[in-house]
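Structure file coords.txt; described as compact mmCIF, C-alpha atoms.
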```txt
# COMPACT_ATOMS: atom_id res chain seq x y z
CA MET U 76 139.36 17.16 -23.69
CA ILE U 77 139.83 14.08 -21.55
CA ALA U 78 141.59 16.09 -18.86
CA SER U 79 138.74 18.56 -18.62
CA VAL U 80 136.24 15.75 -18.20
CA ARG U 81 138.26 14.28 -15.39
CA LEU U 82 138.56 17.60 -13.62
CA THR U 83 134.84 18.18 -13.74
CA ARG U 84 134.10 14.78 -12.33
CA ARG U 85 136.66 15.18 -9.55
CA ASN U 86 135.22 18.52 -8.45
CA GLN U 87 131.66 17.15 -8.22
CA ARG U 88 130.82 15.18 -5.15
CA PRO U 89 128.56 12.22 -5.58
CA ARG U 90 125.12 12.68 -3.86
CA HIS U 91 124.41 10.16 -1.17
CA GLY U 92 121.20 10.40 0.95
CA PHE U 93 118.94 13.39 1.58
CA THR U 94 119.77 17.00 2.22
CA LEU U 95 118.84 18.51 5.57
CA LEU U 96 115.98 20.44 3.98
CA GLU U 97 114.52 17.29 2.40
CA ALA U 98 114.72 15.44 5.71
CA LEU U 99 112.96 18.31 7.55
CA MET U 100 110.18 18.44 4.96
CA ALA U 101 109.64 14.67 5.18
CA SER U 102 109.55 14.89 8.98
CA GLY U 103 106.97 17.68 8.82
CA ILE U 104 104.73 15.69 6.46
CA LEU U 105 105.01 12.62 8.68
CA LEU U 106 104.14 14.72 11.74
CA MET U 107 101.00 16.07 10.04
CA VAL U 108 99.88 12.54 9.15
CA VAL U 109 100.42 11.28 12.71
CA VAL U 110 98.54 14.24 14.23
CA SER U 111 95.62 13.76 11.81
CA VAL U 112 95.30 10.05 12.55
CA THR U 113 95.53 10.66 16.31
CA SER U 114 92.83 13.34 16.13
CA ALA U 115 90.53 11.04 14.18
CA ILE U 116 90.98 8.23 16.70
CA THR U 117 90.33 10.57 19.63
CA ALA U 118 87.16 11.95 18.02
CA GLY U 119 85.93 8.41 17.32
CA GLN U 120 86.48 7.39 20.93
CA GLN U 121 84.62 10.45 22.18
CA HIS U 122 81.64 9.75 19.89
CA SER U 123 81.62 6.13 21.02
CA TYR U 124 81.56 7.17 24.68
CA GLU U 125 78.74 9.64 24.00
CA ALA U 126 76.68 6.94 22.27
CA GLN U 127 77.30 4.54 25.15
CA GLN U 128 76.10 7.17 27.64
CA ARG U 129 72.92 7.87 25.66
CA ILE U 130 72.10 4.17 25.30
CA ALA U 131 72.69 3.54 29.00
CA GLY U 132 70.55 6.60 29.82
CA SER U 133 67.71 5.27 27.66
CA LEU U 134 67.89 1.86 29.30
CA ALA U 135 67.90 3.39 32.78
CA ALA U 136 64.86 5.56 31.95
CA GLU U 137 62.97 2.61 30.44
CA GLU U 138 63.76 0.43 33.47
CA LEU U 139 62.36 2.97 35.92
CA ILE U 140 59.29 3.88 33.88
CA GLY U 141 58.55 0.16 33.52
CA ARG U 142 58.47 -0.14 37.31
CA LEU U 143 56.27 2.94 37.70
CA VAL U 144 53.71 1.80 35.13
CA ILE U 145 53.01 -1.38 37.09
CA ALA U 146 53.03 0.37 40.49
CA ASP U 147 49.78 1.05 42.32
CA TYR U 148 48.10 4.10 40.78
CA ASN U 149 47.58 5.81 44.15
CA THR U 150 51.31 5.60 45.02
CA LEU U 151 52.49 7.32 41.83
CA PRO U 152 52.42 10.89 43.25
CA ALA U 153 54.97 9.79 45.87
CA PHE U 154 57.50 9.34 43.06
CA ASN U 155 57.11 12.94 41.85
CA GLY U 156 60.42 14.75 42.34
CA LEU U 157 62.39 11.56 42.94
CA ILE U 158 66.02 12.16 42.01
CA GLU U 159 68.71 9.50 41.90
CA SER U 160 72.02 11.29 41.54
CA THR U 161 74.80 10.03 39.29
CA GLY U 162 76.19 6.78 40.61
CA ALA U 163 73.31 6.33 43.09
CA MET U 164 70.66 4.61 40.95
CA LEU U 165 68.98 1.52 42.37
CA ASP U 166 67.35 -1.35 40.49
CA MET U 167 63.94 -2.86 41.24
CA PHE U 168 65.40 -4.93 44.09
CA GLY U 169 67.00 -1.91 45.77
CA GLN U 170 70.49 -2.93 44.67
CA PRO U 171 72.94 -0.50 43.02
CA MET U 172 72.78 -0.48 39.23
CA PRO U 173 75.74 -2.04 37.35
CA GLU U 174 78.96 -0.06 36.85
CA LEU U 175 77.85 0.95 33.34
CA TYR U 176 75.35 3.35 34.97
CA ASP U 177 77.75 5.01 37.43
CA ALA U 178 77.93 8.25 35.42
CA ILE U 179 74.13 8.52 35.02
CA GLY U 180 71.38 9.86 37.24
CA ARG U 181 67.64 10.08 36.77
CA GLU U 182 64.64 12.06 37.95
CA VAL U 183 60.89 11.47 37.90
CA THR U 184 57.99 13.84 37.33
CA VAL U 185 54.41 12.70 37.95
CA ILE U 186 51.57 15.06 37.04
CA THR U 187 47.86 14.31 37.36
CA THR U 188 46.12 15.45 34.17
CA LEU U 189 42.92 15.26 32.21
CA THR U 190 43.73 14.07 28.69
CA THR U 191 41.37 14.35 25.75
CA LEU U 192 41.28 11.56 23.19
CA THR U 193 40.25 13.59 20.17
CA SER U 194 39.55 10.54 18.02
CA LEU U 195 36.94 9.32 20.52
CA GLY U 196 35.91 12.70 21.90
CA ILE U 197 36.38 11.64 25.54
CA LYS U 198 38.44 12.89 28.46
CA ILE U 199 40.48 10.56 30.62
CA ARG U 200 41.93 11.40 34.01
CA GLY U 201 45.34 9.95 34.69
CA ARG U 202 48.95 10.66 35.43
CA ASP U 203 51.71 11.72 33.07
CA ILE U 204 54.98 10.11 34.12
CA THR U 205 58.28 11.45 32.80
CA VAL U 206 61.67 9.94 33.57
CA ARG U 207 64.72 11.97 32.56
CA THR U 208 68.26 10.66 32.74
CA PHE U 209 71.25 12.96 32.98
CA ASP U 210 75.03 12.89 33.24
CA SER U 211 77.24 14.42 35.95
CA SER U 212 77.04 17.85 34.31
CA GLY U 213 73.21 17.75 34.30
CA ARG U 214 72.93 17.32 30.53
CA THR U 215 69.88 15.28 29.51
CA LEU U 216 70.76 11.89 28.01
CA ALA U 217 67.24 10.51 27.52
CA GLU U 218 63.66 11.34 28.42
CA VAL U 219 60.79 8.84 28.45
CA GLN U 220 57.16 9.79 29.00
CA THR U 221 53.98 7.77 29.37
CA PHE U 222 50.37 8.25 30.48
CA VAL U 223 48.77 5.99 33.09
CA PRO U 224 44.96 6.23 33.08
CA GLU U 225 43.08 6.34 36.38
CA PRO U 226 41.63 2.90 37.12
CA ALA U 227 37.84 2.55 36.99
CA ALA U 228 36.20 2.64 40.41
```

How does the structure come out when it is put into structure tokens?
Amino acid sequence: MIASVRLTRRNQRPRHGFTLLEALMASGILLMVVVSVTSAITAGQQHSYEAQQRIAGSLAAEELIGRLVIADYNTLPAFNGLIESTGAMLDMFGQPMPELYDAIGREVTVITTLTTLTSLGIKIRGRDITVRTFDSSGRTLAEVQTFVPEPAA
């Protein structure tokens, strides 16, 4: 009986390490985890860039509409159709906008209208000003609109 036990133990090899199949399966699982994490990071960066573009577009639109609101009423129609292409926007001093705005452009629409204030039952003549910002593909990032009433004569 002792001899048979020894023979069985001699014929069996001791297991050390992983089999090739186990190593391949572990490598595949690790690869899936790495790809998933990389995809999540890439998507997060893309969403962050998109948010940055939209915020910069909103700021650029607000900056320009702020200048137009305080401009002389009679000069407002001259701004209708103004387009500043991407990377060519100027600030109120005529200087190029900071680098943050290089991928943004903006356009202005000025329309003379007669607006009715329903709560008061009166009509007011004035100008609707719309500033739209866009990216290099023409996609709208932000749009700001305001009404400037005609000054009393």

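The closest residue to Ser212 (chain U), picked from U:Val110, U:Thr161, U:Val144, U:Thr187 and counting all atoms listed in the file, is U:Thr161.
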
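Put simply, CA of Asp203 (chain U) is 22.8 Å away from CA of Arg129 (chain U).
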
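The shortest atom-to-atom distance to Asn155 (chain U), with only C-alpha atoms taken into account, belongs to U:Val185 out of U:Val185, U:Leu139, U:Ile204, U:Ala118.
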
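The interatomic distance for the pair CA of Leu175 (chain U) and CA of Tyr124 (chain U) works out to 11.3 Å.
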
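Closest approach to Gly162 (chain U) among U:Asp210, U:Glu97, U:Asp147, U:Glu125 is made by U:Asp210 (distances from all atoms listed in the file).
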
Write out as a tab-separated table a residue-level contact list of region 80-143 of chain U versus region 167-170 of chain U with cut-off 10 Å: for each qualifying residue the closest pair of atoms and the distance in Å to one decimal, counting only C-alpha atoms, rows sorted by chain and residue number upward.
```
residue	atom	partner	partner_atom	distance
U:Glu138	CA	U:Met167	CA	8.4
U:Leu139	CA	U:Met167	CA	8.0
U:Gly141	CA	U:Met167	CA	9.9
U:Arg142	CA	U:Met167	CA	7.3
```

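Nearest to Leu192 (chain U) of all the residues U:Thr117, U:Pro171, U:Pro224, U:Leu99 is U:Pro224, counting all atoms listed in the file.
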
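Nearest-residue note for Val183 (chain U): choosing from U:Val206, U:Ile116, U:Leu96, U:Ile140, the minimum distance belongs to U:Val206, counting only C-alpha atoms.
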
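Atom pair CA of Glu159 (chain U) / CA of Gln120 (chain U): separated by 27.6 Å.
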
Could you work out an axis-aligned box for region 216-223 of chain U, taking every atom the file lists and adding 8 Å on each side, and report centre and edge lengths in Å to one decimal, as JSON?
```
{"center_x": 59.8, "center_y": 8.9, "center_z": 30.3, "size_x": 38.0, "size_y": 21.9, "size_z": 21.6}
```
